[in-house]
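Just upload31.cif here, mmCIF, C-alpha atoms:
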data_structure
#
loop_
_atom_site.label_atom_id
_atom_site.label_comp_id
_atom_site.auth_asym_id
_atom_site.auth_seq_id
_atom_site.Cartn_x
_atom_site.Cartn_y
_atom_site.Cartn_z
CA MET J 22 0.00 0.00 0.00
CA LYS J 23 2.80 2.37 0.99
CA LYS J 24 4.66 1.53 -2.21
CA SER J 25 1.62 2.49 -4.27
CA VAL J 26 1.31 5.82 -2.46
CA TYR J 27 5.00 6.55 -2.93
CA PHE J 28 4.70 5.64 -6.62
CA ILE J 29 1.76 7.99 -7.16
CA LEU J 30 3.53 10.85 -5.34
CA LEU J 31 6.65 10.25 -7.42
CA CYS J 32 4.60 10.42 -10.63
CA LEU J 33 2.98 13.64 -9.53
CA MET J 34 6.35 15.19 -8.73
CA MET J 35 7.72 14.13 -12.11
CA PHE J 36 4.64 15.50 -13.87
CA CYS J 37 4.84 18.86 -12.07
CA THR J 38 8.60 19.08 -12.62
CA PHE J 39 8.31 18.29 -16.34
CA TYR J 40 5.49 20.72 -17.12
CA GLY J 41 6.88 23.37 -14.75
CA ILE J 42 10.20 23.38 -16.60
CA ARG J 43 8.38 23.34 -19.92
CA TYR J 44 6.27 26.34 -18.87
CA ILE J 45 9.31 28.28 -17.65
CA ARG J 46 11.28 27.55 -20.82
CA ARG J 47 8.35 28.03 -23.16
CA PRO J 48 9.14 31.03 -25.41
CA GLU J 49 6.86 34.03 -25.07
CA LYS J 50 4.90 34.95 -28.17
CA SER J 51 5.28 38.54 -29.27
CA GLN J 52 4.74 40.75 -32.27
CA PRO J 53 6.30 44.00 -33.47
CA ALA J 54 4.31 47.15 -32.78
CA VAL J 55 3.05 47.96 -36.28
CA SER J 56 1.04 51.14 -36.73
CA GLU J 57 -2.36 50.84 -38.39
CA ILE J 58 -5.21 53.19 -39.27
CA TYR J 59 -8.67 51.76 -38.73
CA GLU J 60 -11.70 53.44 -40.28
CA ASN J 61 -15.34 52.85 -39.46
CA LYS J 62 -16.95 53.79 -42.76
CA VAL J 63 -20.14 53.51 -44.78
CA ILE J 64 -20.21 53.15 -48.57
CA THR J 65 -23.37 54.52 -50.17
CA SER J 66 -24.64 56.96 -52.82
CA ALA J 67 -25.41 60.64 -52.33
CA TYR J 68 -26.56 63.89 -53.91
CA ILE J 69 -24.44 67.03 -53.89
CA VAL J 70 -26.67 69.90 -52.74
CA LYS J 71 -25.58 73.46 -53.50
CA THR J 72 -26.71 77.06 -53.73
CA GLU J 73 -26.98 77.52 -57.51
CA GLN J 74 -27.91 80.45 -59.72
CA VAL J 75 -29.15 79.35 -63.13
CA TYR J 76 -28.89 81.53 -66.26
CA ASN J 77 -31.29 81.17 -69.19
CA ALA J 78 -30.68 81.86 -72.87
CA PRO J 79 -31.90 85.40 -73.68
CA ALA J 80 -32.75 84.37 -77.26
CA ASP J 81 -32.70 81.48 -79.73
CA GLY J 82 -29.26 80.72 -81.09
CA ARG J 83 -25.97 78.98 -80.53
CA ILE J 84 -24.07 79.28 -77.26
CA TYR J 85 -20.40 79.95 -76.75
CA HIS J 86 -18.90 79.20 -73.34
CA TYR J 87 -15.97 81.41 -72.32
CA LEU J 88 -15.10 79.28 -69.30
CA GLY J 89 -14.31 75.67 -68.63
CA GLU J 90 -16.33 73.52 -66.25
CA GLY J 91 -15.45 74.26 -62.63
CA THR J 92 -13.74 77.62 -63.30
CA LYS J 93 -13.94 80.08 -60.41
CA VAL J 94 -15.67 83.32 -61.34
CA LYS J 95 -16.23 86.71 -59.74
CA LYS J 96 -19.41 88.74 -59.82
CA ASN J 97 -19.99 90.42 -63.21
CA ASN J 98 -17.66 88.00 -65.07
CA ILE J 99 -18.80 87.18 -68.60
CA LEU J 100 -19.96 83.56 -68.71
CA MET J 101 -21.21 82.93 -72.23
CA THR J 102 -22.56 84.47 -75.40
CA VAL J 103 -25.65 83.45 -77.35
CA TYR J 104 -25.24 84.11 -81.09
CA THR J 105 -28.65 84.62 -82.64
CA GLY J 106 -27.78 84.77 -86.34
CA ASP J 107 -26.21 82.42 -88.85
CA VAL J 108 -23.13 81.02 -87.14
CA SER J 109 -21.66 77.57 -87.58
CA GLU J 110 -20.77 75.22 -84.77
CA GLN J 111 -17.29 74.88 -86.33
CA THR J 112 -16.69 78.63 -85.94
CA LEU J 113 -17.71 78.50 -82.29
CA ALA J 114 -15.43 75.50 -81.73
CA GLU J 115 -12.54 77.50 -83.21
CA LEU J 116 -13.36 80.44 -80.95
CA ASN J 117 -13.40 78.13 -77.95
CA SER J 118 -10.03 76.62 -78.92
CA ILE J 119 -8.45 80.08 -79.21
CA ASN J 120 -9.91 81.16 -75.89
CA GLN J 121 -8.52 78.06 -74.15
CA LYS J 122 -5.06 78.73 -75.57
CA ILE J 123 -5.20 82.31 -74.30
CA ILE J 124 -6.13 81.07 -70.81
CA GLU J 125 -3.28 78.51 -70.87
CA LEU J 126 -0.76 81.18 -71.86
CA GLN J 127 -2.04 83.62 -69.24
CA ASN J 128 -1.66 80.95 -66.56
CA SER J 129 1.77 79.90 -67.81
CA GLY J 130 4.84 81.26 -66.06
CA THR J 131 7.09 80.60 -69.05
CA SER J 132 8.48 83.72 -70.69
CA TYR J 133 11.15 83.89 -73.37
CA SER J 134 13.09 87.13 -72.76
CA LEU J 135 16.09 88.42 -74.64
CA GLY J 136 19.41 89.22 -72.98
CA SER J 137 21.59 86.99 -70.84
CA ASN J 138 18.89 84.27 -70.65
CA SER J 139 18.18 84.04 -74.37
CA GLN J 140 20.18 80.78 -74.80
CA GLU J 141 18.39 79.26 -71.83
CA ASN J 142 15.06 80.21 -73.38
CA ILE J 143 16.07 78.63 -76.69
CA ASP J 144 16.98 75.40 -74.85
CA ILE J 145 13.52 75.40 -73.21
CA ILE J 146 11.83 75.76 -76.59
CA LYS J 147 13.99 72.96 -78.05
CA GLY J 148 12.72 70.73 -75.25
CA ASN J 149 9.16 71.68 -76.17
CA ILE J 150 9.89 70.77 -79.80
CA ILE J 151 10.98 67.28 -78.73
CA LYS J 152 7.79 66.85 -76.68
CA ALA J 153 5.66 68.06 -79.59
CA ALA J 154 7.42 65.65 -81.96
CA ASN J 155 6.82 62.74 -79.62
CA GLY J 156 3.16 63.74 -79.42
CA ASN J 157 2.91 64.21 -83.20
CA GLU J 158 1.89 67.86 -82.69
CA LEU J 159 3.36 69.18 -85.93
CA GLY J 160 1.58 72.53 -85.79
CA ASN J 161 3.22 73.35 -82.47
CA ILE J 162 6.67 72.52 -83.85
CA GLU J 163 6.33 75.21 -86.50
CA ASN J 164 5.25 77.70 -83.84
CA TYR J 165 8.27 76.82 -81.66
CA LYS J 166 10.58 77.40 -84.65
CA LEU J 167 9.15 80.87 -85.08
CA GLN J 168 9.72 81.54 -81.37
CA ILE J 169 13.41 80.58 -81.64
CA ASN J 170 13.82 82.73 -84.74
CA SER J 171 12.21 85.67 -82.96
CA ILE J 172 14.58 85.35 -80.00
CA VAL J 173 17.65 85.08 -82.26
CA THR J 174 16.66 88.05 -84.44
CA GLY J 175 15.43 90.13 -81.49
CA SER J 176 12.11 90.82 -83.17
CA ILE J 177 10.13 90.71 -79.90
CA GLN J 178 10.83 91.13 -76.21
CA ASP J 179 8.38 88.63 -74.75
CA MET J 180 7.11 85.66 -76.76
CA ARG J 181 4.30 84.81 -74.35
CA LYS J 182 2.79 88.29 -74.56
CA SER J 183 3.22 88.21 -78.32
CA ASP J 184 1.40 84.85 -78.57
CA ILE J 185 -1.48 86.12 -76.44
CA SER J 186 -1.72 89.28 -78.52
CA ALA J 187 -1.77 87.26 -81.76
CA LEU J 188 -4.51 84.98 -80.41
CA GLU J 189 -6.56 87.94 -79.22
CA SER J 190 -6.30 89.50 -82.68
CA LYS J 191 -7.40 86.25 -84.32
CA LYS J 192 -10.29 85.97 -81.89
CA GLN J 193 -11.46 89.53 -82.61
CA SER J 194 -11.20 88.87 -86.33
CA ILE J 195 -13.46 85.82 -86.08
CA GLU J 196 -15.95 87.68 -83.88
CA LEU J 197 -16.09 90.63 -86.30
CA GLY J 198 -16.63 88.23 -89.18
CA LEU J 199 -19.67 86.70 -87.58
CA GLN J 200 -22.76 87.98 -89.35
CA SER J 201 -24.79 87.58 -86.20
CA ALA J 202 -26.29 89.49 -83.32
CA LYS J 203 -25.22 88.31 -79.88
CA SER J 204 -26.30 88.46 -76.26
CA ASP J 205 -23.82 88.12 -73.42
CA ILE J 206 -24.54 86.54 -70.04
CA TYR J 207 -22.71 87.83 -66.94
CA SER J 208 -22.45 86.31 -63.47
CA GLN J 209 -24.54 87.87 -60.74
CA MET J 210 -22.62 86.16 -57.93
CA ALA J 211 -19.16 84.78 -57.27
CA GLY J 212 -18.62 81.04 -57.28
CA VAL J 213 -17.83 78.18 -59.64
CA TYR J 214 -19.02 78.04 -63.25
CA SER J 215 -20.88 74.97 -64.48
CA LYS J 216 -22.53 73.90 -67.72
CA ASN J 217 -24.24 70.96 -65.98
CA VAL J 218 -27.77 72.32 -65.60
CA ASP J 219 -29.81 69.27 -64.56
CA GLY J 220 -33.22 70.65 -63.59
CA LEU J 221 -32.77 70.03 -59.85
CA GLU J 222 -31.40 73.47 -58.99
CA GLU J 223 -34.76 74.87 -57.81
CA THR J 224 -35.85 71.82 -55.78
CA LEU J 225 -32.64 70.33 -54.38
CA THR J 226 -31.69 73.35 -52.28
CA PRO J 227 -29.90 73.51 -48.90
CA ARG J 228 -33.04 74.82 -47.19
CA ALA J 229 -35.33 72.16 -48.69
CA VAL J 230 -33.20 69.10 -47.85
CA MET J 231 -33.14 70.00 -44.14
CA GLU J 232 -36.73 68.69 -44.02
CA TYR J 233 -36.31 65.63 -46.25
CA LYS J 234 -37.58 62.20 -45.32
CA VAL J 235 -36.63 58.94 -47.02
CA GLU J 236 -39.71 59.12 -49.26
CA ASP J 237 -38.64 62.60 -50.43
CA TYR J 238 -35.15 61.29 -51.19
CA ASP J 239 -36.58 58.40 -53.21
CA ARG J 240 -38.74 60.78 -55.25
CA ILE J 241 -35.80 62.81 -56.58
CA LYS J 242 -35.91 62.74 -60.36
CA GLN J 243 -32.84 61.70 -62.28
CA PRO J 244 -30.85 64.64 -63.73
CA ILE J 245 -31.88 65.65 -67.26
CA GLU J 246 -29.52 65.69 -70.23
CA LYS J 247 -27.26 68.68 -70.80
CA PRO J 248 -28.34 71.28 -73.38
CA GLN J 249 -26.89 71.17 -76.88
CA SER J 250 -25.02 74.03 -78.56
CA ALA J 251 -28.28 75.22 -80.17
CA VAL J 252 -30.70 76.63 -77.58
CA THR J 253 -34.08 78.30 -77.44
CA SER J 254 -35.00 81.47 -75.58
CA GLY J 255 -35.57 80.86 -71.86
CA GLN J 256 -33.74 77.53 -71.85
CA PRO J 257 -31.33 77.04 -68.89
CA VAL J 258 -27.79 77.12 -70.27
CA CYS J 259 -25.36 77.52 -67.38
CA LYS J 260 -25.09 78.26 -63.67
CA VAL J 261 -22.82 79.62 -60.96
CA VAL J 262 -22.46 77.54 -57.80
CA ASN J 263 -21.59 78.83 -54.32
CA ASN J 264 -18.26 77.15 -53.57
CA GLN J 265 -18.03 78.31 -49.95
CA THR J 266 -20.71 76.05 -48.45
CA TRP J 267 -22.29 72.94 -49.95
CA TYR J 268 -23.87 69.70 -48.73
CA VAL J 269 -23.79 65.94 -49.19
CA MET J 270 -27.18 64.27 -48.76
CA THR J 271 -27.41 60.50 -48.40
CA VAL J 272 -29.51 57.73 -46.85
CA VAL J 273 -28.12 55.25 -44.30
CA LYS J 274 -29.62 52.39 -42.33
CA THR J 275 -31.32 53.31 -39.09
CA ASP J 276 -28.86 51.38 -36.93
CA ILE J 277 -26.04 53.47 -38.41
CA ALA J 278 -27.99 56.73 -38.11
CA ALA J 279 -28.59 55.93 -34.43
CA LYS J 280 -24.85 56.21 -33.84
CA LEU J 281 -24.66 59.63 -35.52
CA SER J 282 -25.43 63.02 -34.04
CA LYS J 283 -25.80 66.59 -35.26
CA GLY J 284 -22.47 68.41 -35.17
CA GLN J 285 -20.45 65.20 -35.52
CA LYS J 286 -17.38 65.44 -37.77
CA VAL J 287 -17.02 63.00 -40.68
CA THR J 288 -14.78 62.60 -43.72
CA VAL J 289 -16.36 62.26 -47.18
CA ARG J 290 -14.71 60.63 -50.20
CA PHE J 291 -16.13 60.52 -53.74
CA SER J 292 -16.03 57.45 -55.99
CA GLN J 293 -15.98 59.59 -59.14
CA LEU J 294 -13.03 61.65 -57.89
CA PRO J 295 -10.28 59.32 -56.65
CA GLY J 296 -7.99 60.95 -54.11
CA ILE J 297 -10.45 63.75 -53.28
CA GLU J 298 -11.85 63.92 -49.75
CA THR J 299 -13.29 66.63 -47.55
CA LYS J 300 -14.15 67.19 -43.92
CA GLY J 301 -17.80 67.74 -43.07
CA THR J 302 -20.21 68.21 -40.18
CA ILE J 303 -23.51 66.36 -39.81
CA GLU J 304 -26.17 69.04 -40.12
CA TYR J 305 -29.40 67.02 -40.28
CA ILE J 306 -30.70 63.51 -39.52
CA SER J 307 -34.31 62.73 -40.41
CA LYS J 308 -36.61 61.20 -37.83
CA GLU J 309 -37.13 57.45 -38.02
CA ASP J 310 -39.86 56.45 -40.46
CA ARG J 311 -42.01 53.52 -39.41
CA ASN J 312 -42.27 52.30 -42.99
CA THR J 313 -38.53 52.10 -43.59
CA ASP J 314 -35.34 51.21 -41.77
CA LYS J 315 -33.42 54.16 -43.21
CA ASN J 316 -32.74 57.82 -42.41
CA VAL J 317 -31.71 60.83 -44.47
CA VAL J 318 -28.40 62.36 -43.40
CA VAL J 319 -27.16 65.76 -44.61
CA ILE J 320 -23.49 66.72 -44.18
CA LYS J 321 -22.35 70.33 -44.38
CA CYS J 322 -19.02 70.93 -46.17
CA GLU J 323 -17.07 74.18 -46.18
CA GLN J 324 -13.93 73.18 -48.11
CA TYR J 325 -13.76 73.80 -51.85
CA LYS J 326 -12.74 70.61 -53.64
CA GLU J 327 -12.09 70.71 -57.37
CA GLY J 328 -14.57 68.67 -59.38
CA VAL J 329 -17.11 68.02 -56.60
CA LEU J 330 -19.42 70.90 -57.45
CA SER J 331 -19.79 69.63 -61.02
CA LEU J 332 -21.37 66.45 -59.63
CA ARG J 333 -24.99 65.93 -58.70
CA GLN J 334 -25.20 62.23 -57.85
CA THR J 335 -22.17 60.17 -56.86
CA GLY J 336 -20.99 57.24 -54.80
CA VAL J 337 -19.52 58.31 -51.47
CA GLU J 338 -17.54 56.83 -48.63
CA LEU J 339 -18.41 58.28 -45.22
CA VAL J 340 -15.64 57.82 -42.66
CA ILE J 341 -17.45 58.05 -39.32
CA GLU J 342 -14.53 57.15 -37.07
CA SER J 343 -10.80 56.87 -37.63
CA TYR J 344 -8.23 55.46 -35.21
CA GLU J 345 -4.46 55.27 -35.57
CA GLY J 346 -2.55 52.97 -33.26
CA TYR J 347 -1.28 49.41 -32.78
CA ARG J 348 -3.56 46.44 -33.51
CA VAL J 349 -3.01 43.53 -31.10
CA PRO J 350 -5.03 40.49 -29.99
CA ILE J 351 -7.43 41.07 -27.11
CA SER J 352 -5.39 38.49 -25.17
CA ALA J 353 -2.44 40.92 -25.15
CA ILE J 354 -4.37 43.36 -22.94
CA ARG J 355 -3.60 42.83 -19.24
CA ILE J 356 -4.92 44.47 -16.09
CA ILE J 357 -2.34 45.03 -13.35
CA ASP J 358 -3.20 46.98 -10.19
CA GLY J 359 -6.46 48.00 -11.86
CA LYS J 360 -4.59 49.55 -14.82
CA LYS J 361 -5.11 48.35 -18.40
CA GLY J 362 -1.97 47.82 -20.47
CA VAL J 363 0.33 45.47 -22.38
CA MET J 364 3.58 43.73 -21.63
CA VAL J 365 6.33 45.06 -23.87
CA ARG J 366 9.62 43.34 -24.64
CA THR J 367 12.42 45.89 -24.81
CA GLU J 368 16.20 45.69 -25.04
CA ALA J 369 16.29 46.23 -21.27
CA GLY J 370 13.76 43.45 -20.60
CA ASN J 371 9.98 43.07 -20.26
CA CYS J 372 7.91 45.89 -18.76
CA PHE J 373 4.26 46.74 -18.30
CA ARG J 374 2.99 49.73 -20.31
CA LYS J 375 -0.35 51.34 -19.51
CA CYS J 376 -2.36 52.02 -22.67
CA LYS J 377 -5.69 53.26 -23.97
CA VAL J 378 -7.89 50.95 -26.05
CA LEU J 379 -9.26 53.00 -28.96
CA TYR J 380 -11.32 50.34 -30.72
CA THR J 381 -12.33 46.74 -30.08
CA ASP J 382 -13.09 44.41 -32.99
CA MET J 383 -15.02 41.49 -31.55
CA LEU J 384 -15.19 39.80 -34.93
CA ASP J 385 -11.47 39.05 -35.15
CA GLN J 386 -10.77 39.41 -31.42
CA THR J 387 -8.35 42.31 -31.74
CA VAL J 388 -8.06 45.83 -30.36
CA ILE J 389 -6.36 49.00 -31.50
CA ILE J 390 -4.39 50.71 -28.75
CA SER J 391 -3.13 54.27 -28.78
CA LYS J 392 0.40 54.94 -30.01
CA ASP J 393 0.91 57.20 -27.00
CA PHE J 394 1.10 55.21 -23.77
CA ASP J 395 -0.25 56.53 -20.48
CA ASP J 396 3.14 56.77 -18.82
CA ASN J 397 6.34 58.78 -19.06
CA LYS J 398 8.11 56.33 -21.37
CA GLY J 399 6.61 57.75 -24.56
CA GLN J 400 5.95 55.71 -27.68
CA LEU J 401 7.26 52.27 -28.53
CA MET J 402 10.67 52.01 -30.11
CA GLU J 403 11.26 50.09 -33.35
CA SER J 404 13.18 47.48 -31.36
CA ASP J 405 10.24 46.90 -28.97
CA SER J 406 7.53 44.29 -29.38
CA ILE J 407 4.25 43.49 -27.63
CA ILE J 408 3.98 40.17 -25.79
CA ILE J 409 0.82 38.31 -26.78
CA GLY J 410 1.49 34.93 -25.14
CA GLU J 411 0.10 33.73 -21.82
CA LYS J 412 2.97 35.04 -19.70
#

Would you write the structure of this file as C-alpha cells?
Amino acid sequence: MKKSVYFILLCLMMFCTFYGIRYIRRPEKSQPAVSEIYENKVITSAYIVKTEQVYNAPADGRIYHYLGEGTKVKKNNILMTVYTGDVSEQTLAELNSINQKIIELQNSGTSYSLGSNSQENIDIIKGNIIKAANGNELGNIENYKLQINSIVTGSIQDMRKSDISALESKKQSIELGLQSAKSDIYSQMAGVYSKNVDGLEETLTPRAVMEYKVEDYDRIKQPIEKPQSAVTSGQPVCKVVNNQTWYVMTVVKTDIAAKLSKGQKVTVRFSQLPGIETKGTIEYISKEDRNTDKNVVVIKCEQYKEGVLSLRQTGVELVIESYEGYRVPISAIRIIDGKKGVMVRTEAGNCFRKCKVLYTDMLDQTVIISKDFDDNKGQLMESDSIIIGEK
C-alpha cells in the first residue's frame, strides 16, 4: 500500500517538474508594434446639394462658353454668349479653342526674354519641340521654330505676350466676321461656373433638404440631359455655384444613423473623384420612419474641392470614425493593479505599459491601442515588441 502511495507521489512530482520546466522555458509569443489606421466607414450613394444660380438663354441661337467647367468666377464675369444669327458650330469651336489657348498662356509662367537668358530660353523651346514631336503635334513645332527665330533676331521682347496678342487678334477677327447678333450673359454672384444644368437646382436646395424624409429622397428625379449648342430662348444654359458652403445628402440604415449626431465630424470621399476627400459636419438627420429602416443624413461641407461641385449624384464613402494605433489580440491586454496595459519586450527586458484601447473588434478578437502610452516612457521604439502569449 505504501509503495503504491509513494509511486503515485513520485509520478505527480515528475509531472509537475516536467510541465513546470516546460512552462518556464516556453518562449513568449510577441509581435512588433506595427502602426495601423482603422476606419469605421459607410459606402453609399449621395446627392451634392448646393446654392446655384441658373442663367437662361436670352434668345434662340448657338451658345459659346468662355469658361471651362469648374472655373472660379467673380461677380460680373462674362460667362457665355448666345449668337442669334447664322453662325456655324465649327466657328464656335474655333473660338473656344483660341480662348482656351489664351487662358493657358495667361496661366503659364514661361516667358522667353532676350538678354543673358536668351540661350536658356532657346533650350527650353527645343525641349518643347521634342515633346511636340513625340506627341505628333506638328503645328506646335512650326510655332516653336518661329519663337526661336524671334529670340535670335530680337524681333520681340516677350514671346508669351506676343502669342497672347496674336490669339486675341485672331479671336477679334473671327468675332467681327460673324454675321450675327449676340447676347452676353454675366455672373450675378461669385462662385464656380458649371454647364451641368440638370433641372434640380430649384428643388434640391440647402433649405429644402433639411426637411427631407426617405420618401422625399426616393422621389428625386434623375438629372436631365445637358443642353446642346443650339438653344431656345428661356432655356437654362449655365449656372454659378456657391463654392463656400455645400452639402452631401445621403440615406443610411437606421442602426447606423442611431450612432450619428448633429455636429459630428465625418470625412467624405467621392467614388468619381479618386484621391479627393473633404471634412464635413452632420447638419441634419431625419426622424425614423415607421415604414422604412433608413434615415436621411445631410453633411455640411465648407472646403472647396475641385470637381465636386460639377457632380450631382455620386458614390460616397463616409468615414465616421478613424483610429491610428497598434492592432493587437485582445489576449495581449492585461490588467495590473487595476490599470489596463500590455507587456512590452524591450532591449532592457519586459515591462508593463499602460495604454488606452481605442477600438475593439469582436469579430477578429483584436483591439487598436493608442500609439501614446499613459506613462512617461513615450511611444514604442522600433526594437520593442508586444507580448501576446500567456505570460

Evaluating the PyMOL selection byres ((chain J and resi 51-68) around 6) on the displayed file yields which residues, as a PyMOL selection string?
chain J and resi 50+69+269-271+333-347+406-409

Pairwise distance, atom CA of J:Ala229 with atom CA of J:Tyr268, equals 11.7 Å

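For the structure in this document, the set picked by the PyMOL selection byres ((chain J and resi 220) around 10) is Val75, Asn217, Val218, Asp219, Leu221, Glu222, Glu223, Thr224, Leu225, Lys242, Gln243, Pro244, Ile245, Glu246, Lys247 and Pro257 of chain J.
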
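For the atom pair formed by atom CA of J:Asn263 and atom CA of J:Met210, the distance is 8.2 Å, given to one decimal.
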
So that I can check the surroundings of J:Val261, please list as a count of residues only every protein, DNA and RNA residue that reaches within 6 Å of it, counting only C-alpha atoms and ignoring chain neighbours fewer than 5 positions away.
5

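Among the candidates J:Phe373, J:Tyr87, J:Tyr325, J:Tyr238, the one nearest to J:Ile297 when counting only C-alpha atoms is J:Tyr325.
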
How close does each residue of stretch 256-364 of chain J get to stretch 96-108 of chain J, giving the shortest atom pair and distance in Å to one decimal for every residue with an atom at most 12 Å away, counting all atoms listed in the file, sorted by chain and residue number, as CSV?
residue,atom,partner,partner_atom,distance
J:Gln256,CA,J:Val103,CA,11.4
J:Val258,CA,J:Met101,CA,9.0
J:Cys259,CA,J:Leu100,CA,8.2
J:Lys260,CA,J:Leu100,CA,8.9
J:Val261,CA,J:Leu100,CA,9.2
J:Val262,CA,J:Lys96,CA,11.8
J:Asn263,CA,J:Lys96,CA,11.5

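Closest approach to J:Asp405 among J:Ala187, J:Thr367, J:Gln386, J:Gln121 is made by J:Thr367 (distances from all atoms listed in the file).
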
Which residues, named as in the file, does the PyMOL selection byres ((chain J and resi 286-288) around 8) pick out? Answer as a count of residues only.
14
